[in-house]
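S.K.: Pasting my_file.cif here (mmCIF, C-alpha atoms and all ligand atoms; chains and numbers go by the auth columns):
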```
data_data
#
loop_
_atom_site.group_PDB
_atom_site.id
_atom_site.type_symbol
_atom_site.label_atom_id
_atom_site.label_comp_id
_atom_site.label_asym_id
_atom_site.label_seq_id
_atom_site.Cartn_x
_atom_site.Cartn_y
_atom_site.Cartn_z
_atom_site.B_iso_or_equiv
_atom_site.auth_seq_id
_atom_site.auth_asym_id
ATOM 1 C CA MET A 1 76.817 242.090 461.475 0.00 1 R
ATOM 2 C CA LYS A 2 79.750 242.587 459.114 0.00 2 R
ATOM 3 C CA PHE A 3 83.327 243.123 460.320 0.00 3 R
ATOM 4 C CA PHE A 4 85.541 245.539 458.449 0.00 4 R
ATOM 5 C CA LEU A 5 89.186 245.845 459.440 0.00 5 R
ATOM 6 C CA ASP A 6 90.113 249.458 460.193 0.00 6 R
ATOM 7 C CA THR A 7 93.721 249.441 459.043 0.00 7 R
ATOM 8 C CA ALA A 8 96.076 249.749 456.106 0.00 8 R
ATOM 9 C CA ASN A 9 98.403 247.134 457.601 0.00 9 R
ATOM 10 C CA ILE A 10 98.825 244.335 455.060 0.00 10 R
ATOM 11 C CA ASP A 11 99.881 241.729 457.661 0.00 11 R
ATOM 12 C CA HIS A 12 96.781 242.376 459.781 0.00 12 R
ATOM 13 C CA ILE A 13 94.511 242.304 456.729 0.00 13 R
ATOM 14 C CA SER A 14 96.070 239.013 455.553 0.00 14 R
ATOM 15 C CA GLU A 15 95.773 237.476 459.030 0.00 15 R
ATOM 16 C CA ALA A 16 92.115 238.449 459.386 0.00 16 R
ATOM 17 C CA HIS A 17 91.392 237.200 455.879 0.00 17 R
ATOM 18 C CA TRP A 18 93.139 233.917 456.675 0.00 18 R
ATOM 19 C CA MET A 19 90.916 233.572 459.776 0.00 19 R
ATOM 20 C CA GLY A 20 87.914 234.082 457.495 0.00 20 R
ATOM 21 C CA ILE A 21 86.407 236.805 459.640 0.00 21 R
ATOM 22 C CA ILE A 22 86.493 240.032 457.663 0.00 22 R
ATOM 23 C CA ASP A 23 84.006 241.389 455.182 0.00 23 R
ATOM 24 C CA GLY A 24 85.959 244.463 454.105 0.00 24 R
ATOM 25 C CA VAL A 25 88.518 247.123 455.049 0.00 25 R
ATOM 26 C CA THR A 26 88.359 250.807 455.919 0.00 26 R
ATOM 27 C CA THR A 27 91.371 253.079 455.618 0.00 27 R
ATOM 28 C CA ASN A 28 91.947 256.773 456.166 0.00 28 R
ATOM 29 C CA PRO A 29 94.913 259.067 455.450 0.00 29 R
ATOM 30 C CA SER A 30 96.224 258.652 459.022 0.00 30 R
ATOM 31 C CA LEU A 31 96.166 254.848 458.750 0.00 31 R
ATOM 32 C CA MET A 32 97.956 254.997 455.373 0.00 32 R
ATOM 33 C CA ALA A 33 100.573 257.343 456.857 0.00 33 R
ATOM 34 C CA LYS A 34 101.030 254.965 459.812 0.00 34 R
ATOM 35 C CA GLU A 35 102.095 252.272 457.324 0.00 35 R
ATOM 36 C CA GLY A 36 104.484 254.721 455.636 0.00 36 R
ATOM 37 C CA VAL A 37 102.530 254.703 452.355 0.00 37 R
ATOM 38 C CA LYS A 38 103.288 257.945 450.527 0.00 38 R
ATOM 39 C CA GLY A 39 103.158 259.212 446.950 0.00 39 R
ATOM 40 C CA GLU A 40 100.230 258.696 444.564 0.00 40 R
ATOM 41 C CA ASP A 41 101.633 255.569 442.859 0.00 41 R
ATOM 42 C CA ASN A 42 102.394 253.843 446.171 0.00 42 R
ATOM 43 C CA ILE A 43 98.998 254.772 447.583 0.00 43 R
ATOM 44 C CA ILE A 44 97.251 253.323 444.519 0.00 44 R
ATOM 45 C CA ALA A 45 99.386 250.172 444.662 0.00 45 R
ATOM 46 C CA HIS A 46 98.542 249.785 448.363 0.00 46 R
ATOM 47 C CA TYR A 47 94.784 250.016 447.743 0.00 47 R
ATOM 48 C CA LEU A 48 95.075 247.448 444.944 0.00 48 R
ATOM 49 C CA LYS A 49 97.034 245.109 447.214 0.00 49 R
ATOM 50 C CA ILE A 50 94.317 245.338 449.869 0.00 50 R
ATOM 51 C CA CYS A 51 91.646 244.622 447.224 0.00 51 R
ATOM 52 C CA GLU A 52 93.583 241.513 446.127 0.00 52 R
ATOM 53 C CA ILE A 53 93.592 240.148 449.687 0.00 53 R
ATOM 54 C CA VAL A 54 90.000 240.779 450.793 0.00 54 R
ATOM 55 C CA ASP A 55 86.777 239.974 448.974 0.00 55 R
ATOM 56 C CA GLY A 56 84.653 242.836 450.300 0.00 56 R
ATOM 57 C CA ASP A 57 84.479 246.625 450.181 0.00 57 R
ATOM 58 C CA VAL A 58 87.631 248.688 450.689 0.00 58 R
ATOM 59 C CA SER A 59 87.137 252.327 451.711 0.00 59 R
ATOM 60 C CA ALA A 60 89.681 254.758 450.227 0.00 60 R
ATOM 61 C CA GLU A 61 89.459 258.355 451.418 0.00 61 R
ATOM 62 C CA VAL A 62 89.705 261.507 449.292 0.00 62 R
ATOM 63 C CA ILE A 63 92.207 264.168 450.337 0.00 63 R
ATOM 64 C CA SER A 64 90.555 267.079 448.530 0.00 64 R
ATOM 65 C CA THR A 65 88.136 269.308 450.382 0.00 65 R
ATOM 66 C CA ASP A 66 86.738 271.242 447.393 0.00 66 R
ATOM 67 C CA TYR A 67 83.834 269.818 445.376 0.00 67 R
ATOM 68 C CA GLN A 68 85.662 269.426 442.032 0.00 68 R
ATOM 69 C CA GLY A 69 88.659 267.862 443.723 0.00 69 R
ATOM 70 C CA MET A 70 86.486 265.435 445.678 0.00 70 R
ATOM 71 C CA ILE A 71 84.587 264.226 442.634 0.00 71 R
ATOM 72 C CA SER A 72 87.622 263.846 440.393 0.00 72 R
ATOM 73 C CA GLU A 73 89.554 262.042 443.154 0.00 73 R
ATOM 74 C CA GLY A 74 86.484 259.930 443.886 0.00 74 R
ATOM 75 C CA GLU A 75 86.107 258.935 440.233 0.00 75 R
ATOM 76 C CA LYS A 76 89.801 257.992 440.024 0.00 76 R
ATOM 77 C CA LEU A 77 89.662 255.923 443.210 0.00 77 R
ATOM 78 C CA ALA A 78 86.476 254.136 442.151 0.00 78 R
ATOM 79 C CA ALA A 79 88.014 253.294 438.749 0.00 79 R
ATOM 80 C CA LEU A 80 90.914 251.504 440.455 0.00 80 R
ATOM 81 C CA HIS A 81 88.912 248.445 441.485 0.00 81 R
ATOM 82 C CA ASN A 82 85.262 247.427 441.819 0.00 82 R
ATOM 83 C CA GLN A 83 85.750 246.848 445.564 0.00 83 R
ATOM 84 C CA ILE A 84 86.720 250.463 446.212 0.00 84 R
ATOM 85 C CA VAL A 85 84.229 252.606 448.135 0.00 85 R
ATOM 86 C CA VAL A 86 85.057 256.322 448.098 0.00 86 R
ATOM 87 C CA LYS A 87 85.322 257.731 451.604 0.00 87 R
ATOM 88 C CA ILE A 88 84.235 261.359 451.883 0.00 88 R
ATOM 89 C CA PRO A 89 84.048 263.666 454.917 0.00 89 R
ATOM 90 C CA VAL A 90 80.652 265.028 455.923 0.00 90 R
ATOM 91 C CA THR A 91 81.146 268.632 454.791 0.00 91 R
ATOM 92 C CA GLU A 92 78.860 270.629 452.515 0.00 92 R
ATOM 93 C CA ASN A 93 81.132 269.839 449.554 0.00 93 R
ATOM 94 C CA GLY A 94 81.288 266.255 450.730 0.00 94 R
ATOM 95 C CA ILE A 95 77.492 265.902 450.670 0.00 95 R
ATOM 96 C CA ARG A 96 77.359 267.399 447.161 0.00 96 R
ATOM 97 C CA ALA A 97 80.131 265.062 446.037 0.00 97 R
ATOM 98 C CA ILE A 98 78.288 262.043 447.487 0.00 98 R
ATOM 99 C CA ARG A 99 75.162 263.054 445.547 0.00 99 R
ATOM 100 C CA TYR A 100 77.194 263.409 442.330 0.00 100 R
ATOM 101 C CA LEU A 101 79.137 260.149 442.746 0.00 101 R
ATOM 102 C CA THR A 102 75.969 258.251 443.703 0.00 102 R
ATOM 103 C CA GLY A 103 74.420 259.475 440.438 0.00 103 R
ATOM 104 C CA LYS A 104 77.398 257.982 438.610 0.00 104 R
ATOM 105 C CA GLY A 105 76.886 254.628 440.340 0.00 105 R
ATOM 106 C CA ILE A 106 79.950 255.099 442.572 0.00 106 R
ATOM 107 C CA ARG A 107 79.659 253.843 446.145 0.00 107 R
ATOM 108 C CA THR A 108 80.573 256.137 449.020 0.00 108 R
ATOM 109 C CA ASN A 109 81.308 256.004 452.744 0.00 109 R
ATOM 110 C CA CYS A 110 80.536 259.304 454.495 0.00 110 R
ATOM 111 C CA THR A 111 83.027 259.687 457.314 0.00 111 R
ATOM 112 C CA LEU A 112 83.588 261.820 460.437 0.00 112 R
ATOM 113 C CA ILE A 113 79.934 261.565 461.507 0.00 113 R
ATOM 114 C CA PHE A 114 79.356 262.863 465.033 0.00 114 R
ATOM 115 C CA ASN A 115 75.617 263.593 465.102 0.00 115 R
ATOM 116 C CA PRO A 116 72.401 262.175 463.616 0.00 116 R
ATOM 117 C CA GLY A 117 71.815 265.235 461.401 0.00 117 R
ATOM 118 C CA GLN A 118 75.091 264.680 459.556 0.00 118 R
ATOM 119 C CA ALA A 119 74.183 261.034 458.991 0.00 119 R
ATOM 120 C CA LEU A 120 70.705 261.941 457.736 0.00 120 R
ATOM 121 C CA LEU A 121 72.111 264.367 455.143 0.00 121 R
ATOM 122 C CA ALA A 122 74.617 261.770 453.948 0.00 122 R
ATOM 123 C CA ALA A 123 71.878 259.140 453.626 0.00 123 R
ATOM 124 C CA LYS A 124 69.641 261.569 451.734 0.00 124 R
ATOM 125 C CA ALA A 125 72.539 262.279 449.362 0.00 125 R
ATOM 126 C CA GLY A 126 72.690 258.533 448.653 0.00 126 R
ATOM 127 C CA ALA A 127 75.737 257.431 450.653 0.00 127 R
ATOM 128 C CA THR A 128 76.286 253.676 450.622 0.00 128 R
ATOM 129 C CA TYR A 129 77.648 253.877 454.162 0.00 129 R
ATOM 130 C CA VAL A 130 77.821 256.401 456.993 0.00 130 R
ATOM 131 C CA SER A 131 80.562 256.119 459.612 0.00 131 R
ATOM 132 C CA PRO A 132 79.718 257.425 463.108 0.00 132 R
ATOM 133 C CA PHE A 133 82.866 257.636 465.284 0.00 133 R
ATOM 134 C CA ILE A 134 82.390 256.097 468.718 0.00 134 R
ATOM 135 C CA GLY A 135 85.824 256.461 470.332 0.00 135 R
ATOM 136 C CA ARG A 136 86.360 260.086 469.379 0.00 136 R
ATOM 137 C CA LEU A 137 83.026 261.045 471.008 0.00 137 R
ATOM 138 C CA ASP A 138 83.994 259.100 474.132 0.00 138 R
ATOM 139 C CA ASP A 139 87.333 260.964 474.092 0.00 139 R
ATOM 140 C CA ILE A 140 85.541 264.291 474.626 0.00 140 R
ATOM 141 C CA GLY A 141 83.219 262.993 477.332 0.00 141 R
ATOM 142 C CA GLU A 142 80.220 262.212 475.103 0.00 142 R
ATOM 143 C CA ASN A 143 78.723 258.773 474.558 0.00 143 R
ATOM 144 C CA GLY A 144 79.627 257.374 471.129 0.00 144 R
ATOM 145 C CA MET A 145 77.463 254.300 471.551 0.00 145 R
ATOM 146 C CA ASP A 146 74.381 256.493 472.031 0.00 146 R
ATOM 147 C CA LEU A 147 74.957 257.919 468.556 0.00 147 R
ATOM 148 C CA VAL A 148 75.142 254.440 467.010 0.00 148 R
ATOM 149 C CA GLU A 149 71.934 253.391 468.787 0.00 149 R
ATOM 150 C CA LYS A 150 70.130 256.534 467.596 0.00 150 R
ATOM 151 C CA LEU A 151 71.274 256.052 464.004 0.00 151 R
ATOM 152 C CA VAL A 152 70.176 252.406 463.906 0.00 152 R
ATOM 153 C CA HIS A 153 66.725 253.542 465.096 0.00 153 R
ATOM 154 C CA ILE A 154 66.467 256.571 462.761 0.00 154 R
ATOM 155 C CA PHE A 155 67.614 254.669 459.657 0.00 155 R
ATOM 156 C CA ASP A 156 65.145 251.905 460.476 0.00 156 R
ATOM 157 C CA VAL A 157 62.258 254.384 460.921 0.00 157 R
ATOM 158 C CA TYR A 158 62.948 256.088 457.581 0.00 158 R
ATOM 159 C CA GLY A 159 63.936 252.907 455.732 0.00 159 R
ATOM 160 C CA PHE A 160 67.229 254.242 454.356 0.00 160 R
ATOM 161 C CA ASN A 161 69.274 251.761 452.312 0.00 161 R
ATOM 162 C CA THR A 162 72.459 253.391 453.622 0.00 162 R
ATOM 163 C CA GLU A 163 74.363 251.034 455.917 0.00 163 R
ATOM 164 C CA ILE A 164 75.828 252.218 459.210 0.00 164 R
ATOM 165 C CA ILE A 165 79.485 251.444 459.932 0.00 165 R
ATOM 166 C CA ALA A 166 80.307 251.848 463.622 0.00 166 R
ATOM 167 C CA ALA A 167 83.805 253.381 463.430 0.00 167 R
ATOM 168 C CA SER A 168 86.471 254.596 465.832 0.00 168 R
ATOM 169 C CA VAL A 169 85.902 251.362 467.744 0.00 169 R
ATOM 170 C CA ARG A 170 88.768 251.226 470.193 0.00 170 R
ATOM 171 C CA ASN A 171 88.153 248.156 472.333 0.00 171 R
ATOM 172 C CA THR A 172 86.349 244.844 472.524 0.00 172 R
ATOM 173 C CA ASN A 173 83.740 246.288 474.872 0.00 173 R
ATOM 174 C CA HIS A 174 82.763 248.789 472.164 0.00 174 R
ATOM 175 C CA LEU A 175 82.429 245.854 469.775 0.00 175 R
ATOM 176 C CA LEU A 176 80.259 243.838 472.163 0.00 176 R
ATOM 177 C CA LYS A 177 77.977 246.844 472.682 0.00 177 R
ATOM 178 C CA CYS A 178 77.749 247.401 468.908 0.00 178 R
ATOM 179 C CA MET A 179 76.458 243.829 468.505 0.00 179 R
ATOM 180 C CA GLU A 180 73.495 244.707 470.710 0.00 180 R
ATOM 181 C CA THR A 181 72.540 247.749 468.623 0.00 181 R
ATOM 182 C CA GLY A 182 71.962 245.796 465.406 0.00 182 R
ATOM 183 C CA VAL A 183 74.381 248.081 463.512 0.00 183 R
ATOM 184 C CA ASP A 184 75.155 246.819 459.979 0.00 184 R
ATOM 185 C CA VAL A 185 78.962 246.938 460.135 0.00 185 R
ATOM 186 C CA VAL A 186 81.682 247.454 462.732 0.00 186 R
ATOM 187 C CA THR A 187 85.127 248.546 461.617 0.00 187 R
ATOM 188 C CA CYS A 188 88.001 248.123 464.064 0.00 188 R
ATOM 189 C CA PRO A 189 91.621 246.995 464.438 0.00 189 R
ATOM 190 C CA LEU A 190 92.399 243.259 464.435 0.00 190 R
ATOM 191 C CA ASN A 191 93.209 243.072 468.171 0.00 191 R
ATOM 192 C CA VAL A 192 89.698 244.349 468.984 0.00 192 R
ATOM 193 C CA ILE A 193 88.159 241.472 467.005 0.00 193 R
ATOM 194 C CA THR A 194 90.483 238.782 468.355 0.00 194 R
ATOM 195 C CA GLY A 195 89.754 240.155 471.846 0.00 195 R
ATOM 196 C CA LEU A 196 86.329 238.532 471.469 0.00 196 R
ATOM 197 C CA LEU A 197 88.037 235.158 471.868 0.00 197 R
ATOM 198 C CA ASN A 198 89.537 235.925 475.281 0.00 198 R
ATOM 199 C CA HIS A 199 87.962 234.343 478.335 0.00 199 R
ATOM 200 C CA PRO A 200 89.860 232.971 481.371 0.00 200 R
ATOM 201 C CA LEU A 201 87.426 230.050 481.675 0.00 201 R
ATOM 202 C CA THR A 202 88.235 229.048 478.080 0.00 202 R
ATOM 203 C CA ASP A 203 91.954 229.029 478.956 0.00 203 R
ATOM 204 C CA THR A 204 91.584 227.081 482.228 0.00 204 R
ATOM 205 C CA GLY A 205 88.991 224.731 480.684 0.00 205 R
ATOM 206 C CA LEU A 206 91.280 223.872 477.781 0.00 206 R
ATOM 207 C CA GLU A 207 94.248 223.367 480.123 0.00 207 R
ATOM 208 C CA LYS A 208 92.179 220.923 482.215 0.00 208 R
ATOM 209 C CA PHE A 209 90.957 218.965 479.153 0.00 209 R
ATOM 210 C CA LEU A 210 94.513 218.571 477.906 0.00 210 R
ATOM 211 C CA SER A 211 95.990 217.604 481.296 0.00 211 R
ATOM 212 C CA ASP A 212 93.226 214.994 481.846 0.00 212 R
ATOM 213 C CA HIS A 213 94.004 213.572 478.409 0.00 213 R
ATOM 214 C CA ARG A 214 97.744 213.482 479.182 0.00 214 R
ATOM 215 C CA LYS A 215 97.147 211.687 482.526 0.00 215 R
ATOM 216 C CA LEU A 216 95.646 208.694 480.689 0.00 216 R
ATOM 217 C CA ASN A 217 97.700 208.723 477.527 0.00 217 R
ATOM 218 C CA ASP A 218 101.266 209.662 478.525 0.00 218 R
HETATM 219 C C1 LIG B . 87.107 254.545 460.135 0.00 301 B
HETATM 220 O O1 LIG B . 86.454 254.699 459.157 0.00 301 B
HETATM 221 C C2 LIG B . 87.755 255.650 460.860 0.00 301 B
HETATM 222 O O2 LIG B . 88.631 256.319 460.029 0.00 301 B
HETATM 223 C C3 LIG B . 88.439 255.140 462.091 0.00 301 B
HETATM 224 O O3 LIG B . 87.616 254.177 462.703 0.00 301 B
HETATM 225 C C4 LIG B . 88.862 256.225 463.066 0.00 301 B
HETATM 226 O O4 LIG B . 89.278 255.619 464.258 0.00 301 B
HETATM 227 P P1 LIG B . 90.103 256.415 465.384 0.00 301 B
HETATM 228 O O5 LIG B . 89.180 257.415 466.002 0.00 301 B
HETATM 229 O O6 LIG B . 90.529 255.355 466.343 0.00 301 B
HETATM 230 O O7 LIG B . 91.247 257.073 464.669 0.00 301 B
#
```
Can you give me the file's structure in the form of structure tokens?
M.R.:
Amino acid sequence: MKFFLDTANIDHISEAHWMGIIDGVTTNPSLMAKEGVKGEDNIIAHYLKICEIVDGDVSAEVISTDYQGMISEGEKLAALHNQIVVKIPVTENGIRAIRYLTGKGIRTNCTLIFNPGQALLAAKAGATYVSPFIGRLDDIGENGMDLVEKLVHIFDVYGFNTEIIAASVRNTNHLLKCMETGVDVVTCPLNVITGLLNHPLTDTGLEKFLSDHRKLND
């Protein structure tokens, strides 16, 4: 299972890279705004900075909603760096744009997936990745993990090459459950990944080892 960091925060990306635990980054316009990145030149510079830090795929989302706008934005983003994956929402224009960009050899991440039908259309259009959103389904009383489980099964049955990115992962429990589904990628904030390290028995066990050592050596 690959870990992507779901952030545009350079410090978090550098820290995760330094730990050697991330395989890529996903961003979206809200995450870019959260970091105060505005204006085309700054946005481009920010994507390039992220690509310099990490070795893997970096999803950069289009802002256009019309077909022509999506494909021209997608082509520009893809030309920035070979690690860039163009993130496109699962609308009718989005599906057409994914088909077009795939034909041009440009990799795409189809985002805002909330049901298996949307994911199937994106895969048929040739998306490199589809991103089902777990947390946002949970927010409205549905079960986001069910969607991930269904997609892993469906994509396996039909043998799609499209990889599934479990997105909108809000907590470490989501992450642990994702591991059991066999999903290809999980994208989440850094604290969700480092949360995997937390266990009270690790803390008390380490404290005991060190105090036993001190008793003999101080
Ligand atoms: C990733 O591709 C998504 O943009 C992101 O995971 C959304 O997460 P959120 O629902 O916590 O905003």
S.K.: Would you compute the distance between atom CA of Lys87 of chain R and atom CA of Asn173 of chain R? Give it in Å to one decimal.
M.R.: 26.0 Å
S.K.: Quick check, in Å to one decimal: how far apart do atom CA of Gly159 of chain R and atom CA of Glu180 of chain R lie?
M.R.: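 Distance reported for this atom pair: 19.6 Å.
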S.K.: With only C-alpha atoms and all ligand atoms as the basis for distance, which of R:Thr65, R:Ser131, R:Asn9, R:Asn115 is at the shortest distance from ligand LIG 301 (chain B)?
M.R.: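 Result for the nearest residue to ligand LIG 301 (chain B): R:Ser131.
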S.K.: At a cut-off of 10 Å, using all atoms listed in the file, what residues contact Thr162 of chain R? Leave out same-chain residues fewer than 2 positions from it and give the result as a compact mmCIF listing (two decimals) with C-alpha atoms, in the frame of the given file.
M.R.:
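File written: part_31.txt
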```txt
# COMPACT_ATOMS: atom_id res chain seq x y z
CA THR R 108 80.57 256.14 449.02
CA ASN R 109 81.31 256.00 452.74
CA ALA R 119 74.18 261.03 458.99
CA LEU R 120 70.70 261.94 457.74
CA ALA R 122 74.62 261.77 453.95
CA ALA R 123 71.88 259.14 453.63
CA LYS R 124 69.64 261.57 451.73
CA ALA R 125 72.54 262.28 449.36
CA GLY R 126 72.69 258.53 448.65
CA ALA R 127 75.74 257.43 450.65
CA THR R 128 76.29 253.68 450.62
CA TYR R 129 77.65 253.88 454.16
CA VAL R 130 77.82 256.40 456.99
CA PHE R 155 67.61 254.67 459.66
CA GLY R 159 63.94 252.91 455.73
CA PHE R 160 67.23 254.24 454.36
CA ILE R 164 75.83 252.22 459.21
CA ILE R 165 79.48 251.44 459.93
CA ASP R 184 75.16 246.82 459.98
```
S.K.: What residues of the protein or nucleic acid chains come within 9 Å of ligand LIG 301 (chain B) when you use all atoms listed in the file? Reply as JSON, numbers by chain.
M.R.: {"R": [5, 6, 7, 25, 26, 27, 28, 29, 30, 31, 59, 61, 87, 109, 110, 111, 112, 131, 132, 133, 134, 135, 136, 137, 165, 166, 167, 168, 169, 170, 186, 187, 188, 189]}
S.K.: What would the selection look like, as a list in words, if the PyMOL selection byres (((chain R and resi 50-52) around 9) and not hetatm) were run on the coordinates I just shared?
M.R.: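 This file gives the following for the PyMOL selection byres (((chain R and resi 50-52) around 9) and not hetatm): Ala8, Asn9, Ile10, Ile13, Ser14, Gly24, Val25, Ala45, His46, Tyr47, Leu48, Lys49, Ile53, Val54, Asp55, Gly56, Asp57, Val58, His81, Asn82, Gln83 and Ile84 of chain R.
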S.K.: Edge lengths and centre, in Å to one decimal, as lines of an AutoDock Vina configuration file: that's what I need for the box along x, y and z that holds all listed atoms of segment 92-96 of chain R plus 6 Å on each side.
M.R.:
```
center_x = 79.3
center_y = 268.3
center_z = 449.8
size_x = 15.9
size_y = 16.7
size_z = 17.4
```
S.K.: Rounded to one decimal place, report the atom CA of Leu175 of chain R-atom CA of Met1 of chain R distance in Å.
M.R.: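 Result for atom CA of Leu175 of chain R versus atom CA of Met1 of chain R: 10.7 Å, one decimal.
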S.K.: Residues within 7 Å of Ile71 of chain R, please, as a list in words. Count only C-alpha atoms; anything in the same chain fewer than 3 positions from it doesn't count.
M.R.: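 Neighbouring residues, sequence-local ones excluded: Tyr67, Gln68, Gly74, Glu75, Ala97 and Leu101 of chain R.
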S.K.: Pick from R:Leu216, R:Val157, R:Val148, R:Leu197: nearest to Met179 of chain R, with all atoms listed in the file counted?
M.R.: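 Among the listed residues, the smallest separation from Met179 of chain R belongs to R:Val148.
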S.K.: Choose the residue, out of R:Asn171, R:Cys178, R:Leu151, R:Ile88, that has the smallest atom-to-atom separation from Thr194 of chain R; count only C-alpha atoms.
M.R.: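 The answer is R:Asn171, which sits nearest to Thr194 of chain R.
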S.K.: Let me make sure I understand: among R:Gly144, R:Gly103, R:Gly205, R:Pro89, which one has the smallest atom-to-atom distance to Ile63 of chain R if we use only C-alpha atoms?
M.R.: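 For Ile63 of chain R, the nearest of the given residues is R:Pro89.
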S.K.: May I ask which of the residues R:Leu121, R:Leu206, R:Val183, R:Val90 is the closest one to Met145 of chain R, counting all atoms listed in the file?
M.R.: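 Selected residue with least distance to Met145 of chain R: R:Val183.
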S.K.: Go through R:Arg99, R:Ile193, R:Pro116, R:Glu40 and flag the residue nearest Glu73 of chain R, using all atoms listed in the file for the distances.
M.R.: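 The answer is R:Glu40, which sits nearest to Glu73 of chain R.
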